[in-house]
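Text of coords.txt (compact mmCIF, C-alpha atoms) as supplied:
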# COMPACT_ATOMS: atom_id res chain seq x y z
CA MET A 1 174.02 -96.37 27.25
CA SER A 2 172.40 -97.32 23.95
CA TRP A 3 168.81 -96.41 23.08
CA LYS A 4 168.18 -100.15 22.81
CA ASP A 5 168.88 -100.53 26.52
CA LEU A 6 165.51 -98.83 27.13
CA PHE A 7 163.76 -101.89 25.66
CA PRO A 8 163.42 -105.33 27.29
CA ARG A 9 165.88 -108.07 26.37
CA GLU A 10 163.27 -110.80 26.75
CA GLY A 11 161.71 -111.81 23.46
CA ARG A 12 164.39 -110.35 21.19
CA PHE A 13 164.62 -112.48 18.05
CA PHE A 14 167.15 -110.45 16.05
CA GLU A 15 168.75 -107.06 16.22
CA THR A 16 170.95 -104.72 14.22
CA GLU A 17 172.63 -101.48 15.15
CA ARG A 18 169.41 -99.67 14.18
CA GLY A 19 166.69 -102.03 15.32
CA ILE A 20 165.22 -104.89 17.32
CA LEU A 21 162.82 -107.58 16.12
CA TYR A 22 160.72 -109.17 18.87
CA ARG A 23 158.88 -112.45 18.54
CA GLY A 24 155.71 -112.23 20.57
CA GLU A 25 152.12 -111.07 20.87
CA ALA A 26 151.73 -107.39 19.95
CA ILE A 27 149.82 -105.98 22.95
CA GLU A 28 151.79 -107.96 25.51
CA THR A 29 155.14 -107.00 23.97
CA MET A 30 154.25 -103.31 23.65
CA GLY A 31 153.23 -103.34 27.30
CA ASN A 32 156.90 -103.72 28.23
CA PHE A 33 158.05 -100.72 26.17
CA PRO A 34 158.84 -97.31 27.69
CA GLY A 35 156.33 -94.49 27.21
CA GLN A 36 156.47 -91.61 24.72
CA ILE A 37 159.32 -93.05 22.68
CA PHE A 38 158.19 -93.69 19.08
CA ASP A 39 158.34 -91.03 16.34
CA ALA A 40 156.11 -92.98 13.94
CA ILE A 41 154.03 -96.16 14.00
CA ILE A 42 153.41 -97.90 10.66
CA THR A 43 151.71 -101.27 10.60
CA ASP A 44 149.55 -103.65 8.55
CA PRO A 45 147.45 -105.54 11.12
CA PRO A 46 145.11 -108.48 10.49
CA TYR A 47 141.80 -107.34 8.93
CA GLY A 48 139.79 -110.38 10.05
CA VAL A 49 138.59 -111.27 6.54
CA THR A 50 139.81 -114.90 6.46
CA ASP A 51 139.79 -117.93 8.77
CA PHE A 52 143.59 -118.09 9.02
CA ARG A 53 145.00 -118.08 12.55
CA TRP A 54 147.15 -115.02 11.85
CA ASP A 55 144.12 -113.02 10.58
CA SER A 56 142.58 -112.27 14.00
CA VAL A 57 141.79 -108.59 14.57
CA ILE A 58 143.71 -107.03 17.46
CA PRO A 59 141.19 -105.56 19.97
CA PHE A 60 141.03 -101.81 19.32
CA PRO A 61 140.71 -100.60 22.94
CA GLU A 62 143.83 -102.49 24.03
CA MET A 63 145.69 -101.48 20.87
CA TRP A 64 144.97 -97.76 21.25
CA GLY A 65 145.71 -97.92 24.95
CA GLU A 66 149.27 -99.03 24.23
CA LEU A 67 149.81 -96.86 21.15
CA LYS A 68 148.77 -93.69 22.96
CA ARG A 69 151.11 -94.56 25.81
CA ILE A 70 154.24 -95.25 23.73
CA ARG A 71 153.85 -92.58 21.05
CA LYS A 72 155.15 -89.03 21.29
CA ASP A 73 152.98 -85.93 21.08
CA ARG A 74 153.59 -85.54 17.33
CA THR A 75 153.70 -89.18 16.27
CA ALA A 76 151.96 -90.24 13.06
CA ILE A 77 150.18 -93.61 13.29
CA LEU A 78 149.59 -95.24 9.88
CA ILE A 79 147.45 -98.38 9.76
CA PHE A 80 146.74 -100.35 6.59
CA GLY A 81 143.27 -101.76 6.05
CA SER A 82 140.33 -102.48 3.78
CA GLU A 83 136.59 -102.27 4.29
CA PRO A 84 134.82 -102.93 6.57
CA PHE A 85 137.89 -103.10 8.83
CA SER A 86 139.00 -99.53 8.04
CA SER A 87 135.61 -98.04 8.94
CA GLN A 88 135.67 -99.85 12.27
CA LEU A 89 139.25 -98.68 12.81
CA ARG A 90 138.41 -95.01 12.18
CA LEU A 91 135.41 -95.16 14.51
CA SER A 92 137.58 -96.66 17.23
CA ASN A 93 139.58 -93.39 17.40
CA LEU A 94 137.58 -90.82 15.47
CA ARG A 95 138.98 -87.90 17.45
CA GLU A 96 142.50 -88.52 16.17
CA PHE A 97 141.66 -89.82 12.69
CA LYS A 98 142.86 -87.30 10.09
CA TYR A 99 142.72 -88.75 6.56
CA ASP A 100 143.31 -91.80 4.36
CA TRP A 101 145.82 -92.65 1.69
CA TYR A 102 144.68 -95.06 -1.04
CA TRP A 103 147.27 -97.47 -2.38
CA LYS A 104 146.38 -98.45 -5.95
CA LYS A 105 147.88 -101.89 -6.41
CA SER A 106 148.64 -103.75 -9.61
CA ARG A 107 147.44 -107.16 -8.35
CA LYS A 108 143.64 -107.29 -8.21
CA THR A 109 141.70 -109.38 -5.71
CA ASN A 110 138.08 -110.49 -5.06
CA PHE A 111 137.87 -112.72 -8.15
CA PRO A 112 135.39 -115.16 -6.50
CA ASN A 113 132.87 -112.30 -6.35
CA ALA A 114 133.67 -110.78 -9.75
CA LYS A 115 130.11 -111.39 -11.05
CA ARG A 116 128.57 -109.58 -8.07
CA GLN A 117 131.14 -106.93 -7.05
CA PRO A 118 134.02 -105.00 -8.61
CA LEU A 119 137.50 -106.40 -8.31
CA ARG A 120 139.54 -104.82 -5.53
CA ASN A 121 142.66 -102.88 -6.50
CA VAL A 122 142.87 -100.37 -3.62
CA GLU A 123 143.98 -100.67 -0.02
CA ILE A 124 143.49 -97.99 2.61
CA ILE A 125 146.14 -96.44 4.85
CA SER A 126 144.46 -94.53 7.68
CA VAL A 127 146.45 -91.76 9.37
CA PHE A 128 145.97 -90.81 13.03
CA TYR A 129 147.77 -88.29 15.20
CA ARG A 130 147.26 -85.97 18.15
CA ARG A 131 149.34 -83.03 16.93
CA GLN A 132 150.86 -82.35 13.51
CA PRO A 133 153.69 -84.84 12.91
CA ALA A 134 156.60 -84.67 10.50
CA TYR A 135 155.33 -84.43 6.93
CA ASN A 136 157.80 -84.42 4.04
CA PRO A 137 155.83 -84.52 0.75
CA GLN A 138 157.58 -86.75 -1.78
CA GLY A 139 158.07 -86.15 -5.49
CA LEU A 140 157.98 -82.34 -5.38
CA LYS A 141 159.22 -80.41 -8.40
CA PRO A 142 160.83 -76.97 -7.94
CA CYS A 143 159.04 -74.06 -9.55
CA LYS A 144 158.73 -70.32 -9.05
CA VAL A 145 155.26 -68.99 -9.83
CA LEU A 146 153.84 -65.72 -8.53
CA HIS A 147 150.23 -66.01 -7.35
CA LYS A 148 147.78 -63.38 -6.20
CA GLU A 149 145.29 -64.63 -3.63
CA LYS A 150 141.71 -63.57 -4.41
CA LYS A 151 139.92 -61.99 -1.50
CA TYR A 152 136.41 -60.56 -1.27
CA LYS A 153 134.52 -58.61 1.35
CA MET A 154 130.84 -57.66 1.68
CA ASN A 155 129.74 -54.08 1.08
CA GLU A 156 126.82 -52.37 2.82
CA GLY A 157 124.36 -53.76 0.28
CA GLY A 158 125.43 -57.33 1.00
CA PHE A 159 127.26 -57.75 -2.30
CA LYS A 160 130.79 -59.02 -2.71
CA LYS A 161 133.33 -56.31 -3.24
CA ARG A 162 136.77 -57.31 -4.39
CA SER A 163 139.72 -56.24 -2.28
CA LEU A 164 143.43 -56.55 -2.89
CA GLY A 165 144.77 -60.05 -2.36
CA THR A 166 148.07 -61.16 -0.94
CA ARG A 167 150.86 -62.02 -3.35
CA TYR A 168 152.88 -65.16 -2.73
CA ILE A 169 155.41 -67.28 -4.59
CA GLN A 170 154.77 -70.98 -5.18
CA ARG A 171 158.15 -72.69 -4.92
CA TYR A 172 157.12 -76.33 -5.46
CA ALA A 173 154.61 -78.22 -7.61
CA ASN A 174 153.47 -81.85 -7.86
CA TYR A 175 152.28 -82.19 -4.28
CA PRO A 176 151.00 -85.74 -3.63
CA THR A 177 147.32 -86.63 -3.70
CA GLN A 178 145.66 -89.30 -1.57
CA MET A 179 145.98 -91.87 -4.37
CA ILE A 180 149.45 -93.41 -4.53
CA GLU A 181 150.34 -96.15 -6.99
CA PHE A 182 152.96 -98.85 -6.46
CA LYS A 183 153.22 -102.25 -8.12
CA SER A 184 152.32 -105.21 -5.95
CA PRO A 185 155.40 -107.25 -4.95
CA LEU A 186 156.26 -110.08 -7.32
CA ALA A 187 157.92 -112.32 -4.75
CA ILE A 188 155.49 -112.88 -1.88
CA CYS A 189 156.92 -113.85 1.52
CA HIS A 190 153.66 -113.17 3.41
CA PRO A 191 149.99 -113.32 2.32
CA THR A 192 149.49 -109.58 2.93
CA GLN A 193 152.98 -108.35 2.02
CA LYS A 194 153.22 -104.74 0.84
CA PRO A 195 155.73 -103.46 -1.74
CA LEU A 196 158.99 -102.16 -0.33
CA PRO A 197 158.83 -98.88 -2.36
CA LEU A 198 155.45 -98.10 -0.73
CA LEU A 199 156.88 -98.44 2.79
CA GLU A 200 159.93 -96.42 1.77
CA TYR A 201 157.59 -93.68 0.54
CA LEU A 202 155.62 -93.60 3.80
CA ILE A 203 158.73 -93.67 5.98
CA LYS A 204 160.33 -90.78 4.07
CA THR A 205 157.05 -88.85 4.26
CA TYR A 206 156.44 -89.16 8.00
CA THR A 207 159.91 -89.50 9.53
CA ASN A 208 163.39 -88.02 9.46
CA GLU A 209 166.75 -89.76 9.70
CA GLY A 210 167.38 -91.22 13.13
CA ASP A 211 163.68 -91.34 14.08
CA LEU A 212 162.33 -94.45 15.80
CA ILE A 213 159.59 -96.42 14.00
CA LEU A 214 157.37 -99.19 15.37
CA ASP A 215 155.69 -101.94 13.35
CA PHE A 216 153.82 -104.12 15.84
CA THR A 217 152.60 -106.60 13.18
CA ALA A 218 155.83 -106.83 11.23
CA GLY A 219 155.04 -109.88 9.08
CA SER A 220 157.92 -110.50 6.68
CA GLY A 221 159.65 -107.29 7.76
CA THR A 222 159.04 -104.86 4.90
CA THR A 223 158.72 -101.84 7.23
CA LEU A 224 161.90 -102.88 9.04
CA VAL A 225 163.85 -103.25 5.80
CA ALA A 226 162.69 -99.82 4.59
CA ALA A 227 163.64 -98.24 7.93
CA GLU A 228 167.06 -99.88 7.88
CA LYS A 229 167.72 -98.68 4.32
CA PHE A 230 166.90 -95.05 5.12
CA ASN A 231 168.76 -94.74 8.42
CA ARG A 232 165.75 -94.90 10.74
CA ARG A 233 165.79 -96.81 14.00
CA TRP A 234 163.10 -99.46 14.27
CA ILE A 235 161.27 -101.90 16.51
CA GLY A 236 159.33 -104.80 15.00
CA ILE A 237 156.99 -107.31 16.63
CA GLU A 238 155.88 -110.53 14.94
CA LEU A 239 154.14 -113.55 16.48
CA GLU A 240 154.89 -116.21 13.86
CA GLU A 241 158.43 -117.62 13.96
CA LYS A 242 158.50 -118.41 10.23
CA TYR A 243 157.85 -114.76 9.37
CA CYS A 244 160.47 -113.64 11.88
CA GLU A 245 162.94 -115.87 10.02
CA ILE A 246 161.95 -114.33 6.69
CA ALA A 247 162.33 -110.82 8.10
CA VAL A 248 165.81 -111.67 9.39
CA LYS A 249 166.79 -113.07 5.99
CA ARG A 250 165.63 -109.88 4.25
CA LEU A 251 167.50 -107.69 6.73
CA LYS A 252 170.68 -109.72 6.30
CA GLU A 253 170.40 -109.25 2.54
CA LEU A 254 171.02 -105.56 3.22
CA GLY A 255 174.38 -106.51 4.69
CA VAL A 256 173.40 -106.04 8.34
CA ASP A 257 173.98 -108.55 11.11
CA ASN A 258 173.56 -108.80 14.86

Can you turn what I pasted into structure tokens?
Amino acid sequence: MSWKDLFPREGRFFETERGILYRGEAIETMGNFPGQIFDAIITDPPYGVTDFRWDSVIPFPEMWGELKRIRKDRTAILIFGSEPFSSQLRLSNLREFKYDWYWKKSRKTNFPNAKRQPLRNVEIISVFYRRQPAYNPQGLKPCKVLHKEKKYKMNEGGFKKRSLGTRYIQRYANYPTQMIEFKSPLAICHPTQKPLPLLEYLIKTYTNEGDLILDFTAGSGTTLVAAEKFNRRWIGIELEEKYCEIAVKRLKELGVDN
């Protein structure tokens, strides 16, 4: 029995050995998935900032209801956004919100308001989880530095008195900060398409080989392509047929087929 046999056959648009792309509405499709199965959830949902049909915000209560059902205990949930959407998103699950990444992009936006507001060159990636998920910091540089931890205690007069600290060896440097910089994609297949190297970075940070990733607003399939490249299993959901077709084309360019 294959792991894919756990998922419904109805609605499958394309599949590879590692993944399945569904065409359908996100909440409805997730409702047919088994519980506690995904190792990571990475998605770029509609922010509701335009009048386009695809830019309708998914209701948060229904979304979290499904995500909490199908995730595992240590699943990282990464959701792209911008303000005010990201503030509303955090407040919708404040208990499990942990921190934000900030993607510094090379293509600026908000030109119509340039005389009243700064141009926008940052997008937010909010991270949620129940218990500590996989975390593999990228770009580390080996080093070997001996540190002595400074410790103080209070004496009877209420003044700090120095005590011996613990010695420890720092073995790596260059730990990532919240600001990550990747060039915006040159060839745009979707209005909100993210750069492939950014999704590769996030997938390598929060998953290990063989893990199962969900993108329930897959768009042109960037998350799926990154997962396929780095030997992760994946499930994608996309409502618009034209973007499903683009995602399939990009996956086939990797040499995969169904």

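Distance annotation: of A:Asp44, A:Asp73, A:Glu62, A:Glu10, the residue with the minimal separation from Glu123 in chain A is A:Asp44; atom set is only C-alpha atoms.
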
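Distance-wise, CA of Lys72 in chain A and CA of Asn93 in chain A end up 16.6 Å apart.
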
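The coordinates place CA of Lys105 in chain A at 27.5 Å from CA of Leu212 in chain A.
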
Using all atoms listed in the file, the best pick from A:Pro34, A:Pro185, A:Pro142, A:Gly11 as closest to Arg171 in chain A would be A:Pro142

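Nearest to Arg23 in chain A of all the residues A:Lys68, A:Lys183, A:Lys242, A:Lys249 is A:Lys242, based on all atoms listed in the file.
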
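Across the structure, CA of Gln132 in chain A and CA of Lys4 in chain A are spaced 26.5 Å apart.
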
| Expected residue set, 7 Å radius at (145.1, -99.4, -2.3), all atoms listed in the file, as a PyMOL selection string | chain A and resi 102-105+121-124

Could you write out the selected residues, including C-alpha atoms, as a PDB file, in the frame of the given file?
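Resulting contents of part_25.pdb:
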ATOM      1  CA  TYR A 102     144.680 -95.060  -1.040  1.00  0.00           C
ATOM      2  CA  TRP A 103     147.270 -97.470  -2.380  1.00  0.00           C
ATOM      3  CA  LYS A 104     146.380 -98.450  -5.950  1.00  0.00           C
ATOM      4  CA  LYS A 105     147.880-101.890  -6.410  1.00  0.00           C
ATOM      5  CA  ASN A 121     142.660-102.880  -6.500  1.00  0.00           C
ATOM      6  CA  VAL A 122     142.870-100.370  -3.620  1.00  0.00           C
ATOM      7  CA  GLU A 123     143.980-100.670  -0.020  1.00  0.00           C
ATOM      8  CA  ILE A 124     143.490 -97.990   2.610  1.00  0.00           C
TER       9      ILE A 124
END

If you count only C-alpha atoms, the residue of A:Asn136, A:Asn208, A:Thr43, A:Gln36 closest to Glu238 in chain A turns out to be A:Thr43

Exercise: range 190-204 of chain A partners within 8 Å, all atoms listed in the file, chain neighbours under 2 positions left out, as a ChimeraX atom specification
/A:136,138,182-185,188,206-208,219-220,222-223,225-227,230,243

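Using only C-alpha atoms, the contacts of Pro137 in chain A at a cut-off of 8 Å, with sequence neighbours closer than 6 positions omitted, comprise Tyr175, Pro176 and Thr205 of chain A.
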
Output C-alpha atoms of each residue in that selection to a file, as a short mmCIF file (atom, residue, chain, number, x, y, z; two decimals), in the coordinates of the input.
data_model
loop_
_atom_site.label_atom_id
_atom_site.label_comp_id
_atom_site.auth_asym_id
_atom_site.auth_seq_id
_atom_site.Cartn_x
_atom_site.Cartn_y
_atom_site.Cartn_z
CA TYR A 175 152.28 -82.19 -4.28
CA PRO A 176 151.00 -85.74 -3.63
CA THR A 205 157.05 -88.85 4.26
#

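Between Arg131 in chain A and the candidates A:Arg71, A:Tyr168, A:Pro8, A:Arg116, the tightest atom-to-atom separation, counting all atoms listed in the file, involves A:Arg71.
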
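Among the candidates A:Leu6, A:Ile20, A:Ile70, A:Ile77, the residue lying nearest to Leu224 in chain A is A:Ile20 (atoms considered: only C-alpha atoms).
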
Hey, what's within 8 Å of Ile41 in chain A if we count only C-alpha atoms and toss same-chain stuff fewer than 4 positions away? As number ranges by chain, please?
-> A: 71, 75-78, 213-215
